[in-house]
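What's in query.cif: mmCIF, C-alpha atoms and all ligand atoms
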data_my_file
loop_
_atom_site.label_atom_id
_atom_site.label_comp_id
_atom_site.auth_asym_id
_atom_site.auth_seq_id
_atom_site.Cartn_x
_atom_site.Cartn_y
_atom_site.Cartn_z
CA MET A 1 169.56 -77.31 -175.26
CA PHE A 2 169.72 -78.94 -178.62
CA GLY A 3 171.13 -82.22 -179.94
CA VAL A 4 174.61 -83.69 -179.65
CA PRO A 5 176.40 -80.29 -179.92
CA GLY A 6 174.28 -78.91 -177.06
CA ARG A 7 174.92 -81.98 -174.92
CA ARG A 8 178.64 -81.80 -175.65
CA ILE A 9 179.07 -78.19 -174.53
CA VAL A 10 176.97 -78.86 -171.41
CA GLU A 11 179.14 -81.85 -170.54
CA GLU A 12 182.35 -79.92 -171.22
CA ARG A 13 181.51 -76.52 -169.75
CA LEU A 14 178.56 -76.51 -167.34
CA SER A 15 180.36 -77.71 -164.18
CA GLY A 16 183.21 -75.22 -164.70
CA LEU A 17 180.79 -72.41 -165.44
CA ARG A 18 178.82 -73.19 -162.28
CA GLU A 19 182.02 -72.87 -160.28
CA GLU A 20 183.22 -69.74 -162.07
CA LEU A 21 179.91 -67.88 -161.67
CA GLY A 22 179.06 -69.31 -158.23
CA ILE A 23 175.84 -70.94 -159.42
CA ASP A 24 173.95 -72.72 -156.62
CA PHE A 25 171.18 -74.19 -158.75
CA CYS A 26 170.75 -74.93 -162.43
CA ALA A 27 167.64 -75.85 -164.41
CA VAL A 28 168.00 -77.00 -168.02
CA ASN A 29 165.25 -77.27 -170.62
CA GLY A 30 166.09 -80.64 -172.15
CA GLU A 31 163.20 -81.40 -174.51
CA ASN A 32 165.47 -81.27 -177.59
CA ALA A 33 168.52 -82.94 -176.10
CA ALA A 34 168.27 -86.06 -178.29
CA ASP A 35 168.45 -85.51 -182.08
CA GLY A 36 167.04 -82.00 -181.59
CA ASP A 37 163.48 -83.12 -180.96
CA HIS A 38 163.08 -85.34 -177.89
CA VAL A 39 164.77 -86.67 -174.78
CA GLY A 40 164.98 -90.18 -173.36
CA PRO A 41 165.81 -91.56 -169.91
CA ARG A 42 169.50 -92.20 -170.60
CA ILE A 43 170.20 -88.69 -171.88
CA ALA A 44 168.11 -87.11 -169.10
CA ASP A 45 170.18 -88.98 -166.50
CA LYS A 46 173.39 -87.87 -168.22
CA LEU A 47 172.27 -84.23 -168.14
CA LEU A 48 171.51 -84.50 -164.45
CA ALA A 49 175.02 -85.91 -163.94
CA SER A 50 176.54 -83.04 -165.97
CA GLY A 51 175.43 -80.24 -163.65
CA ALA A 52 171.67 -79.83 -164.15
CA ASP A 53 169.71 -79.97 -160.90
CA VAL A 54 166.33 -80.16 -162.65
CA ILE A 55 165.35 -80.81 -166.27
CA THR A 56 162.24 -79.18 -167.70
CA LEU A 57 160.51 -80.21 -170.92
CA GLY A 58 158.00 -78.76 -173.36
CA ASN A 59 155.79 -79.40 -176.37
CA HIS A 60 157.99 -82.30 -177.60
CA VAL A 61 157.57 -84.26 -174.40
CA TRP A 62 155.59 -87.19 -175.85
CA ARG A 63 157.48 -87.50 -179.13
CA ARG A 64 158.89 -90.81 -177.83
CA ALA A 65 156.70 -92.90 -175.55
CA GLU A 66 159.70 -94.26 -173.61
CA ILE A 67 159.84 -91.08 -171.53
CA GLY A 68 156.44 -91.79 -169.90
CA PRO A 69 157.46 -94.40 -167.31
CA TYR A 70 160.65 -92.42 -166.59
CA LEU A 71 158.67 -89.22 -165.90
CA ALA A 72 156.24 -91.13 -163.70
CA GLU A 73 159.16 -92.02 -161.41
CA SER A 74 161.47 -89.01 -161.75
CA GLU A 75 161.61 -86.23 -159.19
CA ARG A 76 164.19 -84.23 -161.16
CA THR A 77 162.84 -84.35 -164.70
CA ILE A 78 159.49 -82.64 -165.03
CA ARG A 79 157.08 -81.94 -167.88
CA PRO A 80 154.71 -78.99 -168.40
CA ALA A 81 152.06 -78.89 -165.67
CA ASN A 82 149.28 -77.94 -168.07
CA LEU A 83 149.22 -81.16 -170.09
CA SER A 84 146.45 -83.74 -169.78
CA SER A 85 145.88 -84.71 -166.16
CA ASN A 86 145.86 -88.31 -167.43
CA SER A 87 149.48 -88.19 -168.59
CA PRO A 88 152.43 -89.36 -166.46
CA GLY A 89 154.95 -87.15 -164.71
CA ARG A 90 154.90 -84.05 -162.58
CA GLY A 91 154.65 -80.38 -163.55
CA TRP A 92 156.71 -79.01 -160.69
CA THR A 93 159.26 -80.23 -158.21
CA VAL A 94 161.52 -79.08 -155.38
CA ALA A 95 165.26 -79.79 -155.26
CA PRO A 96 168.00 -78.42 -152.99
CA ALA A 97 170.48 -75.78 -154.17
CA ALA A 98 174.18 -76.28 -153.40
CA ASP A 99 173.76 -74.64 -149.97
CA GLY A 100 170.67 -76.72 -149.17
CA THR A 101 168.09 -74.00 -149.92
CA PRO A 102 165.00 -75.63 -151.41
CA VAL A 103 164.22 -74.44 -154.92
CA ALA A 104 160.87 -75.09 -156.59
CA VAL A 105 160.79 -75.39 -160.37
CA VAL A 106 157.49 -75.08 -162.21
CA ASN A 107 157.22 -76.02 -165.91
CA LEU A 108 154.39 -74.52 -167.97
CA LEU A 109 153.51 -74.64 -171.65
CA GLY A 110 152.25 -71.58 -173.51
CA HIS A 111 148.88 -71.50 -175.22
CA LEU A 112 149.40 -69.07 -178.12
CA PHE A 113 150.56 -70.92 -181.28
CA ILE A 114 151.12 -74.10 -179.24
CA ASP A 115 147.60 -75.05 -178.16
CA SER A 116 148.36 -76.53 -174.78
CA PRO A 117 145.58 -78.83 -173.48
CA VAL A 118 144.99 -76.42 -170.58
CA GLY A 119 145.74 -72.70 -170.66
CA PRO A 120 148.69 -71.71 -168.43
CA PHE A 121 146.74 -68.94 -166.72
CA GLU A 122 144.10 -71.53 -165.69
CA VAL A 123 146.55 -73.41 -163.49
CA VAL A 124 149.43 -71.11 -162.62
CA ASP A 125 148.04 -69.52 -159.44
CA GLU A 126 147.40 -72.83 -157.70
CA LEU A 127 150.76 -74.21 -158.85
CA VAL A 128 152.61 -71.19 -157.50
CA ASP A 129 150.74 -71.43 -154.18
CA GLN A 130 151.70 -75.10 -153.89
CA ALA A 131 155.32 -74.40 -154.82
CA ARG A 132 155.59 -71.52 -152.34
CA ASN A 133 154.39 -73.79 -149.56
CA ARG A 134 157.51 -75.88 -150.14
CA ALA A 135 160.12 -73.27 -151.16
CA LYS A 136 160.73 -69.53 -151.04
CA VAL A 137 162.76 -69.65 -154.23
CA VAL A 138 160.48 -70.48 -157.16
CA LEU A 139 161.62 -70.67 -160.80
CA VAL A 140 159.07 -70.89 -163.60
CA ASP A 141 160.17 -72.23 -166.99
CA PHE A 142 157.52 -70.91 -169.38
CA HIS A 143 157.90 -72.90 -172.59
CA ALA A 144 156.03 -70.70 -175.02
CA GLU A 145 156.12 -69.26 -178.52
CA ALA A 146 154.78 -65.72 -178.10
CA THR A 147 156.73 -62.98 -176.34
CA SER A 148 153.42 -61.31 -175.43
CA GLU A 149 152.33 -64.37 -173.46
CA LYS A 150 155.74 -64.64 -171.78
CA VAL A 151 155.78 -60.97 -170.76
CA ALA A 152 152.18 -61.23 -169.53
CA LEU A 153 152.91 -64.27 -167.35
CA ALA A 154 156.03 -62.65 -165.90
CA ARG A 155 154.02 -59.52 -165.04
CA TRP A 156 151.18 -61.59 -163.56
CA LEU A 157 153.61 -63.48 -161.32
CA ASP A 158 155.72 -60.45 -160.35
CA GLY A 159 156.33 -60.53 -156.62
CA ARG A 160 155.13 -64.14 -156.26
CA VAL A 161 158.01 -66.07 -157.85
CA THR A 162 161.77 -65.58 -158.11
CA ALA A 163 161.98 -65.86 -161.90
CA VAL A 164 160.00 -66.48 -165.06
CA VAL A 165 162.38 -67.75 -167.73
CA GLY A 166 161.11 -68.34 -171.24
CA THR A 167 162.21 -71.26 -173.40
CA HIS A 168 161.15 -72.84 -176.73
CA THR A 169 161.98 -70.19 -179.33
CA HIS A 170 165.76 -70.88 -179.12
CA VAL A 171 166.66 -67.21 -179.71
CA GLN A 172 167.95 -65.35 -176.65
CA THR A 173 165.96 -62.17 -176.08
CA ASN A 174 167.39 -58.82 -175.06
CA ASP A 175 164.96 -58.22 -172.19
CA ALA A 176 166.54 -59.77 -169.06
CA ARG A 177 165.28 -57.66 -166.17
CA VAL A 178 163.97 -57.64 -162.62
CA LEU A 179 160.35 -56.50 -162.44
CA PRO A 180 159.23 -54.01 -159.75
CA GLY A 181 157.93 -56.73 -157.41
CA GLY A 182 161.24 -58.64 -157.43
CA THR A 183 160.67 -61.26 -160.12
CA ALA A 184 163.47 -61.80 -162.65
CA ALA A 185 162.34 -62.34 -166.22
CA ILE A 186 163.69 -63.03 -169.69
CA SER A 187 161.43 -63.92 -172.61
CA ASP A 188 163.82 -66.53 -173.96
CA ALA A 189 167.00 -67.87 -172.36
CA GLY A 190 168.34 -68.83 -175.78
CA MET A 191 169.71 -72.06 -177.18
CA THR A 192 172.56 -74.23 -176.01
CA GLY A 193 173.46 -75.88 -179.28
CA PRO A 194 174.48 -75.17 -182.89
CA HIS A 195 173.72 -71.58 -183.90
CA ASP A 196 174.93 -71.98 -187.50
CA SER A 197 171.41 -73.26 -188.20
CA VAL A 198 167.71 -72.42 -188.17
CA ILE A 199 167.09 -72.74 -184.42
CA GLY A 200 169.28 -75.85 -184.31
CA VAL A 201 168.26 -77.54 -187.56
CA GLN A 202 170.50 -77.62 -190.66
CA ALA A 203 169.51 -74.39 -192.41
CA ASP A 204 169.11 -75.84 -195.94
CA LEU A 205 166.64 -78.47 -194.67
CA ALA A 206 164.54 -75.97 -192.71
CA ILE A 207 164.50 -73.58 -195.69
CA ALA A 208 163.55 -76.38 -198.10
CA ARG A 209 160.57 -77.33 -195.95
CA MET A 210 159.45 -73.70 -195.72
CA ARG A 211 159.94 -72.98 -199.44
CA THR A 212 158.16 -76.09 -200.72
CA GLY A 213 155.69 -76.94 -197.97
CA MET A 214 156.76 -80.55 -198.49
CA PRO A 215 157.99 -82.96 -195.81
CA VAL A 216 161.75 -82.73 -195.24
CA ARG A 217 163.52 -84.84 -192.64
CA PHE A 218 165.27 -82.45 -190.25
CA LYS A 219 168.83 -83.05 -189.06
CA PRO A 220 170.57 -81.19 -186.23
CA ALA A 221 173.23 -78.71 -187.38
CA GLU A 222 176.77 -78.80 -185.98
CA GLY A 223 178.48 -75.41 -186.22
CA GLY A 224 178.56 -72.28 -184.10
CA VAL A 225 177.97 -74.07 -180.82
CA ARG A 226 177.10 -71.87 -177.85
CA LEU A 227 175.88 -72.39 -174.31
CA GLU A 228 173.16 -69.86 -173.53
CA GLY A 229 170.98 -69.19 -170.52
CA ALA A 230 170.30 -66.69 -167.78
CA VAL A 231 171.84 -66.18 -164.34
CA ILE A 232 169.54 -64.95 -161.60
CA GLU A 233 170.60 -63.71 -158.19
CA CYS A 234 168.11 -63.72 -155.35
CA ASP A 235 167.93 -63.40 -151.57
CA GLY A 236 166.82 -66.06 -149.08
CA ASP A 237 163.20 -64.96 -149.44
CA GLY A 238 163.32 -65.65 -153.16
CA ARG A 239 163.33 -62.02 -154.23
CA ALA A 240 165.49 -61.49 -157.31
CA SER A 241 168.12 -58.75 -157.42
CA SER A 242 169.61 -59.35 -160.87
CA CYS A 243 168.96 -61.21 -164.11
CA GLU A 244 171.71 -61.48 -166.71
CA PRO A 245 171.87 -63.38 -169.98
CA VAL A 246 174.73 -65.86 -170.41
CA ARG A 247 176.43 -66.69 -173.71
CA VAL A 248 179.51 -68.92 -173.94
CA GLU A 249 181.12 -69.85 -177.27
CA GLU A 250 182.55 -73.34 -177.67
FE FE A 301 159.62 -76.50 -177.58
#
Spit out the file's structure as structure tokens when you get a sec.
Ligand SMILES: [Fe+2]
Amino acid sequence: MFGVPGRRIVEERLSGLREELGIDFCAVNGENAADGDHVGPRIADKLLASGADVITLGNHVWRRAEIGPYLAESERTIRPANLSSNSPGRGWTVAPAADGTPVAVVNLLGHLFIDSPVGPFEVVDELVDQARNRAKVVLVDFHAEATSEKVALARWLDGRVTAVVGTHTHVQTNDARVLPGGTAAISDAGMTGPHDSVIGVQADLAIARMRTGMPVRFKPAEGGVRLEGAVIECDGDGRASSCEPVRVEE
């Protein structure tokens, strides 16, 4: 989710949508919740109060240092697991769904075009083993740029996790599916925020930077606000039975 418009539609619509669709658990990628490029403790707490059970982050995690001490303490806001082992915070967590079922959420950063400190495939097997020791339902937020890497990770984890949901590119992909082993997957859940934009940023500013190669200060756009995501149904063993994209206009 992206900037003030994204936060506004989450605050206004997420609780009602959870009720309407019978959602037991909700994870939100919040790395761009503040000004479209970071998140701080106050906004993270607000998101958790607005219907998110867990907040995941991504490549913008350290844009503001203030998040470090917060992540060191937080059990509900996690950062990618494959960052430096010397950085604060946790890369996965377990939180209860509405009916008490434990749900593990694992946050990973892609390697292609992002250059994560540690490759996701180096750490994912051990992370999934650890998560499965604590919960049968396991959701992986794979924050990555390349669809090839996202599809590959989903295939690699098929049958071992409930879902692999891609974030980071802000454009919802048309590939929501359940893989043969029972893992739900979508390459990108989309963007909750202003779609009259270039992935959230005022279009003229993004275009000016691309046309000139010169520094341009980005500002979040405001129009065309949508809430986007994916709804996954699974059984008590964590096997997915459906995966559907969600798109709600403001
Ligand atoms: Fe990102």
What's the separation between CA of Leu127 (chain A) and CA of Pro96 (chain A), in Å to one decimal place?
18.7 Å
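Between Arg177 (chain A) and the residues A:His143, A:Cys243, A:Val161, A:Arg132, the shortest atom-to-atom distance, using all atoms listed in the file, involves A:Cys243.
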Taking all atoms listed in the file into account, report as a list of chain:residue names which residues have an atom no farther than 6 Å from an atom of ligand FE 301 (chain A).
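Taking all atoms listed in the file into account, the residues around ligand FE 301 (chain A) at most 6 Å away are A:Gly58, A:Asn59, A:His168.
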Surrounding residues of Phe218 (chain A) excluding itself and chain neighbours under 5 positions, 7 Å, only C-alpha atoms, as a VMD selection string:
chain A and resid 201 205 to 206
Return the padded bounding box of region 150-169 of chain A as JSON: axis-aligned, built from all atoms listed in the file, 6 Å added on each side, with centre and edge lengths in Å to one decimal.
{"center_x": 156.8, "center_y": -66.2, "center_z": -167.8, "size_x": 23.2, "size_y": 25.3, "size_z": 35.1}
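The environment of region 8-25 of chain A within 7 Å, counting only C-alpha atoms and disregarding residues fewer than 3 places along the same chain, consists of A:Val4, A:Pro5, A:Ser50, A:Gly51, A:Asp53, A:Ala97, A:Ala98, A:Asp99, A:Leu227, A:Glu250.
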Keeping only C-alpha atoms, take the residues you just selected and write them out as a PDB file, in the frame of the given file.
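The new file again29.pdb reads:
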ATOM      1  CA  VAL A   4     174.610 -83.690-179.650  1.00  0.00           C
ATOM      2  CA  PRO A   5     176.400 -80.290-179.920  1.00  0.00           C
ATOM      3  CA  SER A  50     176.540 -83.040-165.970  1.00  0.00           C
ATOM      4  CA  GLY A  51     175.430 -80.240-163.650  1.00  0.00           C
ATOM      5  CA  ASP A  53     169.710 -79.970-160.900  1.00  0.00           C
ATOM      6  CA  ALA A  97     170.480 -75.780-154.170  1.00  0.00           C
ATOM      7  CA  ALA A  98     174.180 -76.280-153.400  1.00  0.00           C
ATOM      8  CA  ASP A  99     173.760 -74.640-149.970  1.00  0.00           C
ATOM      9  CA  LEU A 227     175.880 -72.390-174.310  1.00  0.00           C
ATOM     10  CA  GLU A 250     182.550 -73.340-177.670  1.00  0.00           C
TER      11      GLU A 250
END
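For the residues A:Val103, A:Ala95, A:Met191, A:Val216, ranking by smallest atom-to-atom distance to Gly229 (chain A) using only C-alpha atoms places A:Met191 first.
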Go through A:Thr192, A:Thr101, A:Thr169, A:Ser148 one by one, measure the shortest atom-to-atom distance of each to Gly236 (chain A) using all atoms listed in the file, and give the residue with the smallest value.
A:Thr101
Selection near Val137 (chain A), 10 Å with all atoms listed in the file, sequence-local residues under 4 positions removed, as a PDB file with C-alpha atoms, in the frame of the given file:
ATOM      1  CA  VAL A  94     161.520 -79.080-155.380  1.00  0.00           C
ATOM      2  CA  ALA A  97     170.480 -75.780-154.170  1.00  0.00           C
ATOM      3  CA  THR A 101     168.090 -74.000-149.920  1.00  0.00           C
ATOM      4  CA  PRO A 102     165.000 -75.630-151.410  1.00  0.00           C
ATOM      5  CA  VAL A 103     164.220 -74.440-154.920  1.00  0.00           C
ATOM      6  CA  ALA A 104     160.870 -75.090-156.590  1.00  0.00           C
ATOM      7  CA  VAL A 105     160.790 -75.390-160.370  1.00  0.00           C
ATOM      8  CA  ALA A 131     155.320 -74.400-154.820  1.00  0.00           C
ATOM      9  CA  ARG A 132     155.590 -71.520-152.340  1.00  0.00           C
ATOM     10  CA  ARG A 160     155.130 -64.140-156.260  1.00  0.00           C
ATOM     11  CA  VAL A 161     158.010 -66.070-157.850  1.00  0.00           C
ATOM     12  CA  THR A 162     161.770 -65.580-158.110  1.00  0.00           C
ATOM     13  CA  ALA A 163     161.980 -65.860-161.900  1.00  0.00           C
ATOM     14  CA  CYS A 234     168.110 -63.720-155.350  1.00  0.00           C
ATOM     15  CA  ASP A 235     167.930 -63.400-151.570  1.00  0.00           C
ATOM     16  CA  GLY A 236     166.820 -66.060-149.080  1.00  0.00           C
ATOM     17  CA  ASP A 237     163.200 -64.960-149.440  1.00  0.00           C
ATOM     18  CA  GLY A 238     163.320 -65.650-153.160  1.00  0.00           C
ATOM     19  CA  ARG A 239     163.330 -62.020-154.230  1.00  0.00           C
ATOM     20  CA  ALA A 240     165.490 -61.490-157.310  1.00  0.00           C
TER      21      ALA A 240
END
Can you give me all heavy atoms for region 65-76 of chain A, written as a CSV table (one decimal), in the frame of the given file?
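Saved to result.csv:
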chain,number,residue,atom,x,y,z
A,65,ALA,N,157.5,-92.4,-176.7
A,65,ALA,CA,156.7,-92.9,-175.6
A,65,ALA,C,157.6,-93.4,-174.4
A,65,ALA,O,157.1,-93.4,-173.2
A,65,ALA,CB,155.8,-94.0,-176.0
A,66,GLU,N,158.8,-93.7,-174.7
A,66,GLU,CA,159.7,-94.3,-173.6
A,66,GLU,C,159.9,-93.3,-172.4
A,66,GLU,O,160.3,-93.8,-171.3
A,66,GLU,CB,161.1,-94.6,-174.2
A,66,GLU,CG,161.9,-93.4,-174.6
A,66,GLU,CD,163.0,-93.7,-175.6
A,66,GLU,OE1,162.9,-94.6,-176.4
A,66,GLU,OE2,164.0,-93.0,-175.5
A,67,ILE,N,159.6,-92.0,-172.6
A,67,ILE,CA,159.8,-91.1,-171.5
A,67,ILE,C,158.7,-91.2,-170.5
A,67,ILE,O,158.9,-90.8,-169.3
A,67,ILE,CB,159.9,-89.6,-172.1
A,67,ILE,CG1,160.6,-88.7,-171.0
A,67,ILE,CG2,158.6,-89.1,-172.5
A,67,ILE,CD1,162.0,-88.8,-170.8
A,68,GLY,N,157.6,-91.7,-170.8
A,68,GLY,CA,156.4,-91.8,-169.9
A,68,GLY,C,156.7,-92.5,-168.6
A,68,GLY,O,156.6,-91.8,-167.5
A,69,PRO,N,157.2,-93.7,-168.6
A,69,PRO,CA,157.5,-94.4,-167.3
A,69,PRO,C,158.6,-93.7,-166.5
A,69,PRO,O,158.6,-93.7,-165.3
A,69,PRO,CB,157.9,-95.8,-167.7
A,69,PRO,CG,157.4,-96.0,-169.1
A,69,PRO,CD,157.3,-94.6,-169.7
A,70,TYR,N,159.6,-93.1,-167.2
A,70,TYR,CA,160.6,-92.4,-166.6
A,70,TYR,C,160.1,-91.2,-165.9
A,70,TYR,O,160.4,-91.0,-164.7
A,70,TYR,CB,161.7,-92.0,-167.6
A,70,TYR,CG,162.8,-91.2,-167.1
A,70,TYR,CD1,163.9,-91.8,-166.5
A,70,TYR,CD2,162.9,-89.8,-167.3
A,70,TYR,CE1,165.0,-91.1,-166.0
A,70,TYR,CE2,163.9,-89.1,-166.8
A,70,TYR,CZ,165.0,-89.7,-166.2
A,70,TYR,OH,166.1,-89.0,-165.7
A,71,LEU,N,159.2,-90.4,-166.5
A,71,LEU,CA,158.7,-89.2,-165.9
A,71,LEU,C,157.8,-89.6,-164.7
A,71,LEU,O,157.7,-88.8,-163.7
A,71,LEU,CB,157.9,-88.4,-166.9
A,71,LEU,CG,158.7,-87.7,-168.0
A,71,LEU,CD1,157.7,-86.8,-168.9
A,71,LEU,CD2,159.7,-86.8,-167.4
A,72,ALA,N,157.1,-90.7,-164.8
A,72,ALA,CA,156.2,-91.1,-163.7
A,72,ALA,C,157.0,-91.3,-162.4
A,72,ALA,O,156.5,-91.1,-161.3
A,72,ALA,CB,155.5,-92.4,-164.1
A,73,GLU,N,158.3,-91.7,-162.6
A,73,GLU,CA,159.2,-92.0,-161.4
A,73,GLU,C,160.1,-90.9,-161.0
A,73,GLU,O,160.5,-90.7,-159.9
A,73,GLU,CB,160.1,-93.2,-161.7
A,73,GLU,CG,159.3,-94.5,-162.0
A,73,GLU,CD,158.6,-95.0,-160.8
A,73,GLU,OE1,159.1,-94.9,-159.7
A,73,GLU,OE2,157.5,-95.5,-161.0
A,74,SER,N,160.4,-90.0,-162.0
A,74,SER,CA,161.5,-89.0,-161.8
A,74,SER,C,161.0,-87.8,-160.9
A,74,SER,O,159.9,-87.3,-161.1
A,74,SER,CB,162.0,-88.5,-163.1
A,74,SER,OG,163.0,-87.5,-162.9
A,75,GLU,N,161.9,-87.4,-160.0
A,75,GLU,CA,161.6,-86.2,-159.2
A,75,GLU,C,162.4,-85.0,-159.7
A,75,GLU,O,162.2,-83.9,-159.3
A,75,GLU,CB,162.0,-86.5,-157.7
A,75,GLU,CG,161.1,-87.5,-157.1
A,75,GLU,CD,161.3,-87.6,-155.6
A,75,GLU,OE1,162.0,-86.8,-155.0
A,75,GLU,OE2,160.6,-88.5,-155.0
A,76,ARG,N,163.3,-85.3,-160.7
A,76,ARG,CA,164.2,-84.2,-161.2
A,76,ARG,C,163.9,-83.8,-162.6
A,76,ARG,O,164.4,-82.8,-163.1
A,76,ARG,CB,165.7,-84.7,-161.1
A,76,ARG,CG,166.2,-84.9,-159.7
A,76,ARG,CD,166.6,-83.6,-159.0
A,76,ARG,NE,167.2,-83.9,-157.7
A,76,ARG,CZ,168.1,-83.1,-157.2
A,76,ARG,NH1,168.7,-82.2,-157.9
A,76,ARG,NH2,168.6,-83.4,-156.0
